[in-house]
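S.K.: Data file protein15.cif (mmCIF, C-alpha atoms and all ligand atoms) is appended below.
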```cif
data_my_file
#
loop_
_atom_site.label_atom_id
_atom_site.label_comp_id
_atom_site.auth_asym_id
_atom_site.auth_seq_id
_atom_site.Cartn_x
_atom_site.Cartn_y
_atom_site.Cartn_z
CA MET A 1 16.03 -31.36 -107.59
CA THR A 2 14.82 -29.39 -110.61
CA MET A 3 11.96 -31.11 -112.41
CA ARG A 4 12.03 -30.96 -116.22
CA ALA A 5 8.64 -30.09 -117.72
CA ALA A 6 7.26 -30.34 -121.24
CA VAL A 7 4.35 -28.13 -122.32
CA VAL A 8 2.15 -29.81 -124.95
CA GLY A 9 -0.08 -27.28 -126.73
CA CYS A 10 1.61 -23.86 -126.85
CA GLY A 11 -1.49 -21.74 -127.46
CA ALA A 12 -3.05 -18.75 -125.73
CA LEU A 13 -3.35 -20.22 -122.23
CA ALA A 14 0.15 -21.69 -122.26
CA HIS A 15 1.60 -18.35 -123.39
CA ALA A 16 -0.30 -16.43 -120.71
CA THR A 17 0.46 -18.75 -117.79
CA HIS A 18 2.35 -22.06 -117.89
CA LEU A 19 5.22 -21.12 -120.24
CA PRO A 20 6.18 -17.90 -118.38
CA ASN A 21 5.55 -19.57 -115.00
CA LEU A 22 7.87 -22.45 -115.89
CA ALA A 23 10.47 -20.06 -117.28
CA ALA A 24 10.44 -18.15 -113.95
CA SER A 25 10.30 -21.19 -111.64
CA ASP A 26 13.13 -22.14 -109.26
CA ARG A 27 12.07 -25.77 -108.94
CA LEU A 28 10.76 -26.50 -112.46
CA ARG A 29 12.53 -26.14 -115.79
CA LEU A 30 10.90 -25.77 -119.19
CA GLN A 31 12.60 -28.58 -121.09
CA VAL A 32 10.35 -29.04 -124.15
CA ALA A 33 7.79 -26.84 -125.91
CA CYS A 34 5.54 -29.06 -128.06
CA ASP A 35 2.81 -28.00 -130.45
CA LEU A 36 1.18 -29.58 -133.48
CA ASP A 37 2.32 -26.49 -135.34
CA PRO A 38 6.15 -26.74 -135.48
CA ALA A 39 6.57 -22.97 -135.94
CA GLN A 40 4.48 -22.35 -132.82
CA ALA A 41 6.56 -24.91 -130.87
CA GLU A 42 9.84 -23.37 -132.04
CA ALA A 43 8.72 -19.81 -131.28
CA ALA A 44 7.55 -20.80 -127.77
CA ALA A 45 10.82 -22.66 -127.09
CA ARG A 46 12.84 -19.63 -128.17
CA ARG A 47 10.76 -17.09 -126.26
CA PHE A 48 10.59 -19.01 -122.98
CA GLY A 49 14.01 -20.68 -123.08
CA ALA A 50 13.05 -24.35 -123.54
CA ALA A 51 15.92 -26.72 -124.18
CA ARG A 52 14.18 -28.00 -127.32
CA HIS A 53 10.88 -28.21 -129.18
CA GLU A 54 8.72 -30.98 -130.66
CA SER A 55 5.63 -31.23 -132.83
CA ASP A 56 4.64 -34.81 -131.88
CA TRP A 57 3.41 -35.39 -128.30
CA ARG A 58 4.45 -39.08 -128.58
CA ALA A 59 8.07 -37.95 -128.62
CA VAL A 60 7.41 -36.06 -125.37
CA VAL A 61 5.87 -39.12 -123.72
CA ALA A 62 8.90 -41.18 -124.74
CA ALA A 63 11.52 -38.52 -123.88
CA PRO A 64 13.98 -39.55 -121.14
CA ASP A 65 14.67 -35.88 -120.28
CA VAL A 66 11.04 -35.06 -119.34
CA ASP A 67 9.80 -35.58 -115.74
CA LEU A 68 6.37 -33.89 -115.98
CA ILE A 69 3.96 -33.11 -118.82
CA VAL A 70 1.79 -29.97 -118.78
CA LEU A 71 -1.06 -30.62 -121.22
CA CYS A 72 -2.55 -27.39 -122.61
CA THR A 73 -4.41 -28.49 -125.74
CA HIS A 74 -8.19 -28.46 -125.92
CA THR A 75 -10.02 -31.68 -125.05
CA ASN A 76 -9.01 -32.95 -128.52
CA LEU A 77 -6.04 -34.50 -126.67
CA ARG A 78 -6.50 -35.92 -123.18
CA ALA A 79 -6.61 -39.70 -122.47
CA ASP A 80 -4.65 -40.55 -125.64
CA LEU A 81 -1.66 -38.71 -124.15
CA ILE A 82 -2.32 -39.11 -120.43
CA VAL A 83 -2.74 -42.91 -120.38
CA PRO A 84 0.60 -43.71 -122.10
CA ALA A 85 2.33 -40.91 -120.19
CA LEU A 86 1.27 -42.43 -116.86
CA ALA A 87 2.30 -45.87 -118.10
CA ALA A 88 5.72 -44.37 -118.87
CA GLY A 89 5.88 -43.02 -115.30
CA LYS A 90 5.33 -39.37 -116.26
CA PRO A 91 2.88 -37.37 -114.14
CA VAL A 92 0.53 -35.06 -116.03
CA TYR A 93 -0.89 -31.65 -115.19
CA THR A 94 -3.82 -31.34 -117.57
CA GLU A 95 -5.76 -28.21 -118.35
CA LYS A 96 -9.47 -28.28 -117.70
CA PRO A 97 -11.86 -29.77 -118.66
CA VAL A 98 -10.22 -33.08 -117.80
CA ALA A 99 -12.23 -34.58 -120.69
CA ALA A 100 -15.38 -33.89 -122.65
CA GLY A 101 -17.05 -37.20 -121.79
CA GLU A 102 -17.41 -39.74 -119.04
CA GLU A 103 -15.71 -42.70 -120.71
CA GLU A 104 -12.56 -40.71 -121.36
CA MET A 105 -12.48 -39.48 -117.76
CA LEU A 106 -12.77 -43.06 -116.55
CA ARG A 107 -9.88 -44.16 -118.78
CA ILE A 108 -7.75 -41.48 -117.17
CA ILE A 109 -8.79 -42.32 -113.60
CA ARG A 110 -8.23 -46.01 -114.22
CA ALA A 111 -4.72 -45.33 -115.54
CA ALA A 112 -3.91 -43.03 -112.61
CA ARG A 113 -5.06 -45.65 -110.12
CA SER A 114 -3.38 -48.64 -111.76
CA THR A 115 -0.02 -46.86 -112.27
CA GLY A 116 -0.07 -44.77 -109.08
CA VAL A 117 1.32 -41.89 -111.15
CA PRO A 118 -0.47 -38.64 -110.28
CA VAL A 119 -2.62 -36.46 -112.52
CA CYS A 120 -3.52 -32.91 -111.55
CA VAL A 121 -6.42 -31.08 -113.22
CA GLY A 122 -6.10 -27.34 -113.86
CA HIS A 123 -8.94 -26.15 -111.65
CA ASN A 124 -6.41 -23.53 -110.67
CA ARG A 125 -8.70 -20.97 -109.06
CA ARG A 126 -8.88 -23.11 -105.92
CA SER A 127 -5.11 -22.49 -105.48
CA ALA A 128 -5.24 -18.69 -105.82
CA PRO A 129 -4.10 -17.00 -102.59
CA ALA A 130 -7.27 -14.88 -102.50
CA MET A 131 -9.49 -17.95 -102.95
CA ARG A 132 -7.71 -19.81 -100.17
CA ASP A 133 -8.46 -16.87 -97.88
CA LEU A 134 -12.09 -16.75 -99.03
CA ARG A 135 -12.48 -20.42 -98.23
CA ARG A 136 -11.02 -19.90 -94.77
CA LEU A 137 -13.53 -17.09 -94.05
CA VAL A 138 -16.43 -19.17 -95.38
CA ALA A 139 -15.39 -22.05 -93.11
CA LEU A 140 -15.40 -19.62 -90.15
CA ALA A 141 -18.80 -18.30 -91.20
CA ARG A 142 -20.20 -21.83 -91.32
CA THR A 143 -18.71 -22.99 -88.03
CA GLN A 144 -18.82 -19.97 -85.74
CA GLY A 145 -21.13 -17.51 -87.60
CA ALA A 146 -21.14 -13.76 -87.17
CA ASP A 147 -19.65 -12.41 -83.98
CA VAL A 148 -20.12 -8.70 -84.76
CA PRO A 149 -23.53 -7.46 -83.56
CA ALA A 150 -25.61 -6.36 -86.57
CA LEU A 151 -26.54 -2.67 -86.84
CA VAL A 152 -30.13 -3.86 -87.23
CA ASP A 153 -31.34 -7.00 -85.47
CA ARG A 154 -35.07 -7.32 -84.84
CA ASN A 155 -34.90 -11.00 -83.95
CA SER A 156 -32.21 -11.44 -81.36
CA GLY A 157 -33.41 -13.76 -78.61
CA LEU A 158 -37.03 -13.57 -79.83
CA ARG A 159 -37.30 -16.69 -82.01
CA GLU A 160 -35.71 -20.02 -82.75
CA PRO A 161 -33.26 -20.03 -85.71
CA LEU A 162 -34.86 -21.03 -89.02
CA ARG A 163 -33.66 -24.22 -90.69
CA GLU A 164 -32.71 -22.09 -93.72
CA GLU A 165 -30.37 -20.05 -91.53
CA SER A 166 -27.89 -22.95 -91.36
CA ALA A 167 -27.47 -23.08 -95.15
CA ALA A 168 -25.09 -21.07 -97.35
CA GLN A 169 -25.97 -18.99 -100.40
CA ILE A 170 -23.26 -18.79 -103.05
CA LEU A 171 -23.23 -16.39 -105.99
CA ILE A 172 -20.55 -16.61 -108.70
CA ARG A 173 -20.80 -13.97 -111.41
CA VAL A 174 -18.69 -14.36 -114.53
CA ASN A 175 -18.64 -11.13 -116.50
CA ASP A 176 -17.30 -12.61 -119.75
CA ASP A 177 -16.68 -10.83 -123.05
CA SER A 178 -17.25 -12.95 -126.18
CA ARG A 179 -14.66 -10.86 -128.04
CA THR A 180 -11.86 -12.35 -125.93
CA TRP A 181 -12.59 -15.92 -127.05
CA LYS A 182 -11.12 -17.63 -130.11
CA GLY A 183 -13.77 -18.95 -132.51
CA TRP A 184 -13.38 -22.65 -131.60
CA ILE A 185 -15.41 -22.24 -128.41
CA PHE A 186 -18.57 -21.30 -130.32
CA ASP A 187 -18.36 -24.44 -132.51
CA ASP A 188 -17.61 -26.69 -129.55
CA PRO A 189 -20.67 -28.84 -128.80
CA HIS A 190 -20.28 -28.24 -125.05
CA GLY A 191 -19.43 -24.55 -125.31
CA ILE A 192 -18.45 -22.36 -122.40
CA MET A 193 -20.90 -24.19 -120.13
CA LEU A 194 -18.42 -27.07 -119.92
CA SER A 195 -15.12 -25.56 -120.97
CA GLU A 196 -15.13 -22.56 -118.65
CA MET A 197 -17.73 -23.31 -116.01
CA VAL A 198 -15.88 -26.32 -114.57
CA HIS A 199 -13.75 -23.72 -112.74
CA PHE A 200 -16.80 -22.28 -111.01
CA ILE A 201 -18.59 -25.58 -110.40
CA ASP A 202 -15.38 -26.70 -108.69
CA LEU A 203 -15.45 -23.60 -106.47
CA ALA A 204 -19.18 -23.98 -105.72
CA LEU A 205 -18.64 -27.59 -104.55
CA LEU A 206 -15.68 -26.59 -102.39
CA LEU A 207 -17.50 -23.62 -100.85
CA ALA A 208 -20.78 -25.44 -100.19
CA GLY A 209 -19.24 -28.33 -98.28
CA SER A 210 -22.41 -30.41 -98.75
CA ASP A 211 -23.38 -33.01 -101.37
CA PRO A 212 -25.01 -31.61 -104.54
CA VAL A 213 -28.51 -33.00 -105.14
CA GLU A 214 -29.96 -31.13 -108.12
CA VAL A 215 -28.86 -28.84 -110.96
CA TYR A 216 -30.70 -26.58 -113.34
CA ALA A 217 -29.42 -24.53 -116.30
CA TYR A 218 -31.14 -21.81 -118.25
CA GLY A 219 -29.67 -20.24 -121.38
CA SER A 220 -27.36 -21.10 -124.27
CA ASN A 221 -24.38 -23.39 -123.62
CA ARG A 222 -22.30 -20.98 -125.73
CA GLY A 223 -22.75 -18.24 -123.11
CA ASN A 224 -25.33 -16.03 -121.36
CA PHE A 225 -26.68 -18.60 -118.94
CA THR A 226 -27.52 -19.14 -115.30
CA LEU A 227 -26.66 -22.36 -113.50
CA VAL A 228 -28.18 -23.40 -110.20
CA ILE A 229 -26.75 -26.13 -107.96
CA GLY A 230 -28.80 -27.27 -104.98
CA PHE A 231 -27.15 -29.01 -102.02
CA ARG A 232 -28.43 -31.52 -99.49
CA ASP A 233 -28.22 -29.10 -96.55
CA GLY A 234 -30.36 -26.51 -98.35
CA SER A 235 -27.39 -24.47 -99.59
CA CYS A 236 -27.60 -23.18 -103.13
CA ALA A 237 -25.05 -21.90 -105.67
CA THR A 238 -26.03 -19.60 -108.54
CA LEU A 239 -23.46 -19.25 -111.33
CA GLN A 240 -24.24 -16.46 -113.74
CA HIS A 241 -22.34 -16.15 -117.02
CA THR A 242 -22.58 -13.30 -119.50
CA LEU A 243 -20.99 -13.09 -122.94
CA VAL A 244 -21.91 -9.47 -123.43
CA GLY A 245 -19.81 -7.96 -120.67
CA ASN A 246 -16.75 -5.79 -121.11
CA PHE A 247 -13.29 -7.32 -120.61
CA ASP A 248 -12.03 -4.17 -118.91
CA ALA A 249 -14.52 -4.58 -116.05
CA PRO A 250 -13.78 -7.04 -113.22
CA LYS A 251 -14.66 -10.51 -114.51
CA GLU A 252 -15.28 -12.77 -111.53
CA LEU A 253 -17.16 -12.05 -108.32
CA VAL A 254 -17.67 -14.74 -105.70
CA GLU A 255 -20.03 -13.82 -102.88
CA VAL A 256 -20.95 -16.20 -100.08
CA ALA A 257 -23.43 -15.62 -97.28
CA ALA A 258 -23.47 -18.03 -94.34
CA GLY A 259 -24.06 -17.68 -90.61
CA HIS A 260 -24.92 -13.98 -91.12
CA VAL A 261 -21.43 -13.39 -92.47
CA THR A 262 -21.09 -12.02 -96.01
CA VAL A 263 -17.80 -12.61 -97.81
CA ALA A 264 -17.06 -11.30 -101.31
CA LEU A 265 -14.02 -11.86 -103.51
CA ASP A 266 -13.89 -9.30 -106.28
CA HIS A 267 -11.81 -10.32 -109.32
CA PHE A 268 -9.22 -12.06 -107.12
CA VAL A 269 -7.80 -8.69 -106.03
CA GLU A 270 -10.06 -7.67 -103.16
CA LEU A 271 -11.64 -9.77 -100.42
CA ARG A 272 -14.27 -8.12 -98.21
CA GLN A 273 -16.21 -9.45 -95.26
CA ARG A 274 -18.78 -8.27 -92.75
CA GLY A 275 -19.64 -10.20 -89.61
CA LEU A 276 -16.30 -11.62 -88.41
CA ALA A 277 -14.76 -9.56 -85.61
CA GLY A 278 -11.26 -11.00 -85.89
CA GLU A 279 -10.87 -10.43 -89.64
CA PRO A 280 -10.19 -7.22 -91.59
CA PHE A 281 -13.04 -5.72 -93.62
CA ARG A 282 -10.86 -5.62 -96.73
CA THR A 283 -7.80 -7.58 -97.87
CA SER A 284 -6.15 -6.90 -101.22
CA TYR A 285 -4.03 -9.05 -103.49
CA PRO A 286 -1.58 -7.80 -106.14
CA LEU A 287 -2.24 -8.03 -109.85
CA GLU A 288 -0.04 -10.52 -111.67
CA THR A 289 0.46 -8.16 -114.63
CA GLY A 290 -0.26 -4.51 -115.33
CA ALA A 291 0.33 -2.94 -111.89
CA GLN A 292 2.77 -0.09 -111.25
CA PRO A 293 4.25 1.21 -107.99
CA GLY A 294 1.90 3.77 -106.44
CA ASP A 295 -1.28 2.15 -107.74
CA PRO A 296 -3.97 1.85 -105.05
CA PRO A 297 -4.56 -1.66 -103.66
CA GLY A 298 -7.44 -3.94 -104.54
CA ILE A 299 -10.16 -3.28 -107.10
CA GLU A 300 -9.19 0.40 -107.43
CA GLY A 301 -5.70 -0.70 -108.45
CA PHE A 302 -7.20 -2.91 -111.15
CA HIS A 303 -9.22 0.01 -112.56
CA ARG A 304 -6.15 2.28 -112.42
CA ALA A 305 -4.11 -0.28 -114.39
CA VAL A 306 -6.88 -0.67 -117.00
CA ASP A 307 -7.12 3.12 -117.41
CA ARG A 308 -3.36 3.34 -117.92
CA LEU A 309 -3.26 0.48 -120.45
CA GLN A 310 -6.20 1.99 -122.34
CA ALA A 311 -4.48 5.40 -122.42
CA GLU A 312 -1.22 3.84 -123.66
CA ARG A 313 -3.10 2.00 -126.40
CA ALA A 314 -4.95 5.14 -127.46
CA ALA A 315 -1.60 6.96 -127.68
CA GLY A 316 -0.10 4.14 -129.78
CA ARG A 317 2.38 3.35 -126.94
CA GLN A 318 1.37 -0.22 -126.19
CA GLY A 319 4.19 -1.89 -124.24
CA ALA A 320 4.95 -5.53 -123.48
CA CYS A 321 2.13 -5.68 -120.91
CA ARG A 322 -1.27 -5.61 -122.58
CA PHE A 323 -3.62 -6.73 -119.80
CA ALA A 324 -4.19 -6.18 -116.11
CA PHE A 325 -4.45 -9.75 -114.82
CA PRO A 326 -5.17 -10.85 -111.26
CA SER A 327 -3.60 -14.01 -109.86
CA LYS A 328 -6.04 -16.85 -110.48
CA GLY A 329 -3.72 -19.49 -109.04
CA HIS A 330 -2.16 -20.94 -112.21
CA ARG A 331 1.40 -20.65 -110.86
CA GLN A 332 0.50 -21.82 -107.34
CA HIS A 333 -1.52 -24.79 -108.67
CA LEU A 334 1.34 -26.06 -110.86
CA GLU A 335 3.96 -25.45 -108.14
CA ALA A 336 1.78 -27.27 -105.59
CA PHE A 337 1.54 -30.26 -107.95
CA ALA A 338 5.32 -30.25 -108.42
CA ALA A 339 5.73 -30.12 -104.61
CA HIS A 340 3.35 -33.09 -104.35
CA LEU A 341 5.54 -35.00 -106.80
CA ARG A 342 8.52 -34.26 -104.55
CA GLY A 343 6.57 -35.68 -101.58
CA GLU A 344 5.98 -32.24 -100.05
CA GLY A 345 2.18 -31.96 -99.88
CA PRO A 346 -1.15 -33.05 -101.34
CA ASN A 347 -2.06 -33.07 -105.01
CA PRO A 348 -3.99 -29.76 -105.34
CA CYS A 349 -6.60 -31.32 -107.68
CA PRO A 350 -6.49 -35.09 -108.20
CA VAL A 351 -8.36 -36.32 -111.24
CA ASP A 352 -10.92 -38.15 -109.06
CA GLY A 353 -12.26 -34.84 -107.73
CA ALA A 354 -12.38 -33.29 -111.18
CA TYR A 355 -14.55 -36.21 -112.29
CA ALA A 356 -17.47 -35.05 -110.12
CA VAL A 357 -17.08 -31.46 -111.34
CA THR A 358 -17.12 -32.46 -115.00
CA ARG A 359 -20.01 -34.85 -114.52
CA ILE A 360 -22.07 -32.08 -112.94
CA ALA A 361 -21.15 -29.76 -115.83
CA LEU A 362 -22.43 -32.43 -118.25
CA LYS A 363 -25.68 -32.65 -116.25
CA LEU A 364 -26.05 -28.88 -116.49
CA LEU A 365 -25.66 -29.14 -120.27
CA GLN A 366 -28.38 -31.77 -120.27
CA SER A 367 -30.60 -29.46 -118.22
CA ALA A 368 -30.04 -26.54 -120.62
CA ARG A 369 -30.96 -28.78 -123.56
CA THR A 370 -34.06 -30.33 -122.04
CA GLY A 371 -35.26 -27.42 -119.91
CA GLN A 372 -35.53 -29.85 -117.00
CA PRO A 373 -33.69 -29.90 -113.67
CA GLN A 374 -31.36 -32.90 -113.33
CA ARG A 375 -30.90 -34.97 -110.19
CA VAL A 376 -27.34 -35.38 -108.97
CA LEU A 377 -26.96 -38.83 -107.48
CA PRO A 378 -24.27 -40.31 -105.26
CA GLU A 379 -22.71 -42.14 -108.21
CA ASP A 380 -22.02 -38.75 -109.78
CA TYR A 381 -19.49 -38.00 -107.07
CA ASP A 382 -19.03 -41.26 -105.11
CA LEU A 383 -17.82 -43.49 -107.93
CA VAL A 384 -14.35 -42.15 -107.36
CA ARG A 385 -14.31 -43.54 -103.85
CA GLY A 386 -14.75 -47.08 -105.14
CA ASP A 387 -11.73 -49.36 -105.32
CA HIS A 388 -9.82 -49.84 -108.51
CA GLN A 389 -11.59 -53.10 -109.36
CA SER A 390 -15.12 -51.70 -109.10
CA LEU A 391 -14.12 -48.74 -111.22
CA HIS A 392 -12.63 -51.17 -113.71
CA ARG A 393 -15.87 -53.17 -113.86
CA HIS A 394 -17.87 -50.00 -114.39
CA CYS A 395 -15.77 -49.21 -117.45
CA LEU A 396 -16.06 -52.61 -119.10
N1 LIG A 401 -7.07 -22.67 -116.55
C1 LIG A 401 -7.48 -21.60 -117.18
O1 LIG A 401 -7.68 -20.54 -116.58
C2 LIG A 401 -7.69 -21.67 -118.66
C3 LIG A 401 -7.87 -20.50 -119.41
C4 LIG A 401 -7.99 -20.61 -120.80
C5 LIG A 401 -7.97 -21.86 -121.41
N2 LIG A 401 -7.82 -22.99 -120.64
C6 LIG A 401 -7.81 -24.33 -121.26
O2 LIG A 401 -6.56 -24.50 -121.94
C7 LIG A 401 -6.75 -25.31 -123.09
C8 LIG A 401 -6.17 -24.58 -124.31
O3 LIG A 401 -6.85 -23.38 -124.51
P1 LIG A 401 -6.19 -22.19 -125.39
O4 LIG A 401 -7.07 -21.03 -125.23
O5 LIG A 401 -4.74 -22.08 -125.05
O6 LIG A 401 -6.35 -22.76 -126.86
P2 LIG A 401 -5.44 -22.44 -128.13
O7 LIG A 401 -6.24 -22.86 -129.31
O8 LIG A 401 -4.93 -21.05 -128.08
O9 LIG A 401 -4.18 -23.41 -127.98
C9 LIG A 401 -4.22 -24.81 -128.14
C10 LIG A 401 -2.89 -25.24 -128.74
O10 LIG A 401 -2.82 -26.65 -128.74
C11 LIG A 401 -2.18 -27.07 -129.95
N3 LIG A 401 -2.54 -28.46 -130.23
C12 LIG A 401 -3.76 -28.95 -130.60
N4 LIG A 401 -3.68 -30.28 -130.76
C13 LIG A 401 -2.43 -30.64 -130.46
C14 LIG A 401 -1.73 -31.90 -130.44
N5 LIG A 401 -2.36 -33.03 -130.78
N6 LIG A 401 -0.43 -31.90 -130.10
C15 LIG A 401 0.21 -30.75 -129.77
N7 LIG A 401 -0.39 -29.54 -129.79
C16 LIG A 401 -1.69 -29.48 -130.12
C17 LIG A 401 -2.71 -26.09 -130.98
O11 LIG A 401 -1.87 -26.05 -132.14
C18 LIG A 401 -2.71 -24.78 -130.19
O12 LIG A 401 -1.48 -24.07 -130.33
C19 LIG A 401 -8.25 -25.60 -123.17
O13 LIG A 401 -8.52 -26.88 -122.65
C20 LIG A 401 -8.88 -24.53 -122.30
O14 LIG A 401 -10.09 -24.95 -121.71
C21 LIG A 401 -7.66 -22.91 -119.30
#
```
Could I get this structure in the form of C-alpha cells?

M.R.:
Amino acid sequence: MTMRAAVVGCGALAHATHLPNLAASDRLRLQVACDLDPAQAEAAARRFGAARHESDWRAVVAAPDVDLIVLCTHTNLRADLIVPALAAGKPVYTEKPVAAGEEEMLRIIRAARSTGVPVCVGHNRRSAPAMRDLRRLVALARTQGADVPALVDRNSGLREPLREESAAQILIRVNDDSRTWKGWIFDDPHGIMLSEMVHFIDLALLLAGSDPVEVYAYGSNRGNFTLVIGFRDGSCATLQHTLVGNFDAPKELVEVAAGHVTVALDHFVELRQRGLAGEPFRTSYPLETGAQPGDPPGIEGFHRAVDRLQAERAAGRQGACRFAFPSKGHRQHLEAFAAHLRGEGPNPCPVDGAYAVTRIALKLLQSARTGQPQRVLPEDYDLVRGDHQSLHRHCL
C-alpha cells in the first residue's frame, strides 16, 4: 500500500532531502506540501508533484488523505503539532532536535506512549549505509579485536592487557562552514551545539555501547567547540566542531579505535579499517548528488566532483546539481520508518532514544556556559524505560 505523506516546513532541508526522496519513493507518496509561507508551499507542491498544498499545519493534522507527517520546521513547531497528530492516529517523522527543552520532549513521549502511534526522530546518520557498516566493524573490534598481526608489537605475550585497552576511543570531526548556515542558527539560544550536534551525540552513544557518565564542552555554542563524553567503561568520545572550515572539503570524519582495530569513515563515502583480517581495507559508497560515470570511488570521487562543480561555476555553466553530497541516510531513515509503520521492521529512531541524546546535548550546553563538567546520571537516559504512569507522574 502506498502511504500518503505530508511535509510540514518546506525549507532548505526539506528541499534537499525529504521532498525529492518522497517524490522518488515507490512506497510513499508526497500528498501535501505545507509551509507557513503559502508561496513556498505552492512552489514545493508544484516542483515535487504533491497532490495539494497548505499553509496551516492544523489542516494537515485533520486531513483524511494524509497517513504520515514529516515535520521539517525548526523547533518552533514540535509538540504542538505532534501531540494532536498522534491523537488523530497520524505517525510523525520529526526532524532533529526532537525539541529544545525537556518538558516538550516529555509531552511528545507521553503522547507516543498513550496513543501507541509511533514517532521517529531524524537522527538519520545512523541509517546511512556507510554508518551501518562502520558500526558493524566497531562491534567486531570490540568483541574479537584485531586479528592481523601488527607490523610493530613490542608487547606480545610480555604483559597483561591494560584496563584501558578494553575501552574505545571515538573521534568525530565536523568540518563546518558558517557560510552554509542561514542566519537563524546564530540567534538561536542553543546554537549549533544542540541543533546540529544531536546527530553526532547520537552516533557517539551508539558507537560507545556503554552508559555515558560525564560530559564537558569547551567553546561557543554557536560553533567552534569541542565536546567530550566519558563512558562508564572508560571509553571516551571527542566531538570537534569548526565553523571556519571550507564546505568543499569533506565535512564529517568518524574514527573509532577499539581492540587495536582502527576504523575511519570519511565523509560517508569511504570506510577504512586496519586490524580485521576478514574485512577489506577500503570500502566506498556512492555520492547522492554530483557524481559522474568514470569518477574514482570514495573520497577521491568526492574531490573530483567538487573540482568539476567549481569549474562549471567559474565558467558560468552551473547546472541543476550544485553540490556533491554523500548519502547521510535521510532516505533510508524515512523509508525504514515507513516500513516500520507497515509492520516490516523496527522504528529506526523512536523518540525515547532521542530523549537521552537531546538531554545530553542540553548538559553539554550547560557545561559550555559554566565551564564545568556535567555528570550524566541514569535518569538522563533511563527515564524512558519507566512505564507510562511513572513518566506521567514525572511530568505533572
Ligand atoms: N537531518 C539533517 O541532516 C538536517 C539538516 C539540516 C536541517 N535539519 C533540521 O531541519 C529543520 C529545518 O531546517 P531548515 O534548514 O530546512 O530551515 P529553513 O528555515 O530553511 O526551513 C524551515 C521552514 O519551515 C517553515 N515553517 C516555520 N514554521 C512553520 C509552521 N508553523 N508551519 C509550517 N511551516 C513552518 C518556514 O517557513 C521554512 O520554510 C531544523 O529543525 C533543522 O535542525 C536537519

S.K.: Which residues are close to stretch 371-384 of chain A, i.e. within 6 Å by all atoms listed in the file, leaving aside same-chain residues fewer than 2 positions away? Reply as a PDB file with C-alpha atoms, in the coordinates of the input.

M.R.:
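Writing the result to around17.pdb gives the following:
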```pdb
ATOM      1  CA  VAL A 213     -28.510 -33.000-105.140  1.00  0.00           C
ATOM      2  CA  GLU A 214     -29.960 -31.130-108.120  1.00  0.00           C
ATOM      3  CA  VAL A 215     -28.860 -28.840-110.960  1.00  0.00           C
ATOM      4  CA  TYR A 216     -30.700 -26.580-113.340  1.00  0.00           C
ATOM      5  CA  ASP A 352     -10.920 -38.150-109.060  1.00  0.00           C
ATOM      6  CA  ALA A 356     -17.470 -35.050-110.120  1.00  0.00           C
ATOM      7  CA  SER A 367     -30.600 -29.460-118.220  1.00  0.00           C
ATOM      8  CA  ALA A 368     -30.040 -26.540-120.620  1.00  0.00           C
ATOM      9  CA  ARG A 369     -30.960 -28.780-123.560  1.00  0.00           C
ATOM     10  CA  GLY A 386     -14.750 -47.080-105.140  1.00  0.00           C
TER      11      GLY A 386
END
```

S.K.: Skipping near chain neighbours, those fewer than 6 positions away, what residues fall within 12 Å of A:Ile108 using only C-alpha atoms, listed as a PyMOL selection string?

M.R.: chain A and resi 77-87+91-92+94+98-99+101-102+114-121+350-352+354-355+384+391-392+395

S.K.: Looking at A:Met131, A:Ala33, A:Ala51, A:Leu140, which one is nearest to A:His267, with distances taken over all atoms listed in the file?

M.R.: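 Once distances to A:His267 are computed over all atoms listed in the file, the minimum belongs to A:Met131.
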
S.K.: Report as a Markdown table: every residue of chain A with an atom at most 7 Å from ligand LIG 401 (chain A), its closest pair of atoms, and their distance in Å to one decimal, counting all atoms listed in the file, with rows sorted by chain and ascending residue number.

M.R.:
```
| residue | atom | partner | partner_atom | distance |
| --- | --- | --- | --- | --- |
| A:Val8 | CA | A:LIG401 | C15 | 5.3 |
| A:Gly9 | CA | A:LIG401 | O10 | 3.5 |
| A:Cys10 | CA | A:LIG401 | O12 | 4.7 |
| A:Gly11 | CA | A:LIG401 | O9 | 3.2 |
| A:Ala12 | CA | A:LIG401 | O8 | 3.8 |
| A:Leu13 | CA | A:LIG401 | O5 | 3.7 |
| A:Ala14 | CA | A:LIG401 | O5 | 5.6 |
| A:Cys34 | CA | A:LIG401 | C15 | 5.8 |
| A:Asp35 | CA | A:LIG401 | N7 | 3.6 |
| A:Leu36 | CA | A:LIG401 | C15 | 4.0 |
| A:Asp37 | CA | A:LIG401 | O11 | 5.3 |
| A:Gln40 | CA | A:LIG401 | O12 | 6.7 |
| A:Ser55 | CA | A:LIG401 | C15 | 6.2 |
| A:Asp56 | CA | A:LIG401 | N6 | 6.1 |
| A:Trp57 | CA | A:LIG401 | N6 | 5.5 |
| A:Cys72 | CA | A:LIG401 | C7 | 4.7 |
| A:Thr73 | CA | A:LIG401 | O10 | 3.9 |
| A:His74 | CA | A:LIG401 | O13 | 3.6 |
| A:Thr75 | CA | A:LIG401 | O13 | 5.6 |
| A:Asn76 | CA | A:LIG401 | N4 | 6.4 |
| A:Leu77 | CA | A:LIG401 | N5 | 5.7 |
| A:Glu95 | CA | A:LIG401 | O2 | 5.2 |
| A:Lys96 | CA | A:LIG401 | O13 | 5.2 |
| A:Pro97 | CA | A:LIG401 | O13 | 6.0 |
| A:Gly122 | CA | A:LIG401 | N1 | 5.5 |
| A:His123 | CA | A:LIG401 | N1 | 6.3 |
| A:Asn124 | CA | A:LIG401 | N1 | 6.0 |
| A:Ser195 | CA | A:LIG401 | O14 | 5.1 |
| A:Glu196 | CA | A:LIG401 | O14 | 6.4 |
| A:His330 | CA | A:LIG401 | N1 | 6.8 |
```

S.K.: Using all atoms listed in the file, which protein or nucleic acid residues come within 10 Å of A:Glu300? Drop anything in the same chain fewer than 6 positions from it, and give the result as a PyMOL selection string.

M.R.: chain A and resi 269-270+306

S.K.: For atom CA of A:Met3 and atom CA of A:Ala24, quote the distance in Å rounded to one decimal.

M.R.: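 Computed distance, atom CA of A:Met3 to atom CA of A:Ala24, equals 13.1 Å.
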
S.K.: Report the distance between atom CA of A:Gly275 and atom CA of A:Val148 in Å, rounded to one decimal place.

M.R.: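 Those two atoms sit 5.1 Å apart.
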
S.K.: What is the distance, in Å and to one decimal place, between atom CA of A:Asp266 and atom CA of A:Met197?

M.R.: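 Taking atom CA of A:Asp266 as the start and atom CA of A:Met197 as the end point, the length is 17.5 Å.
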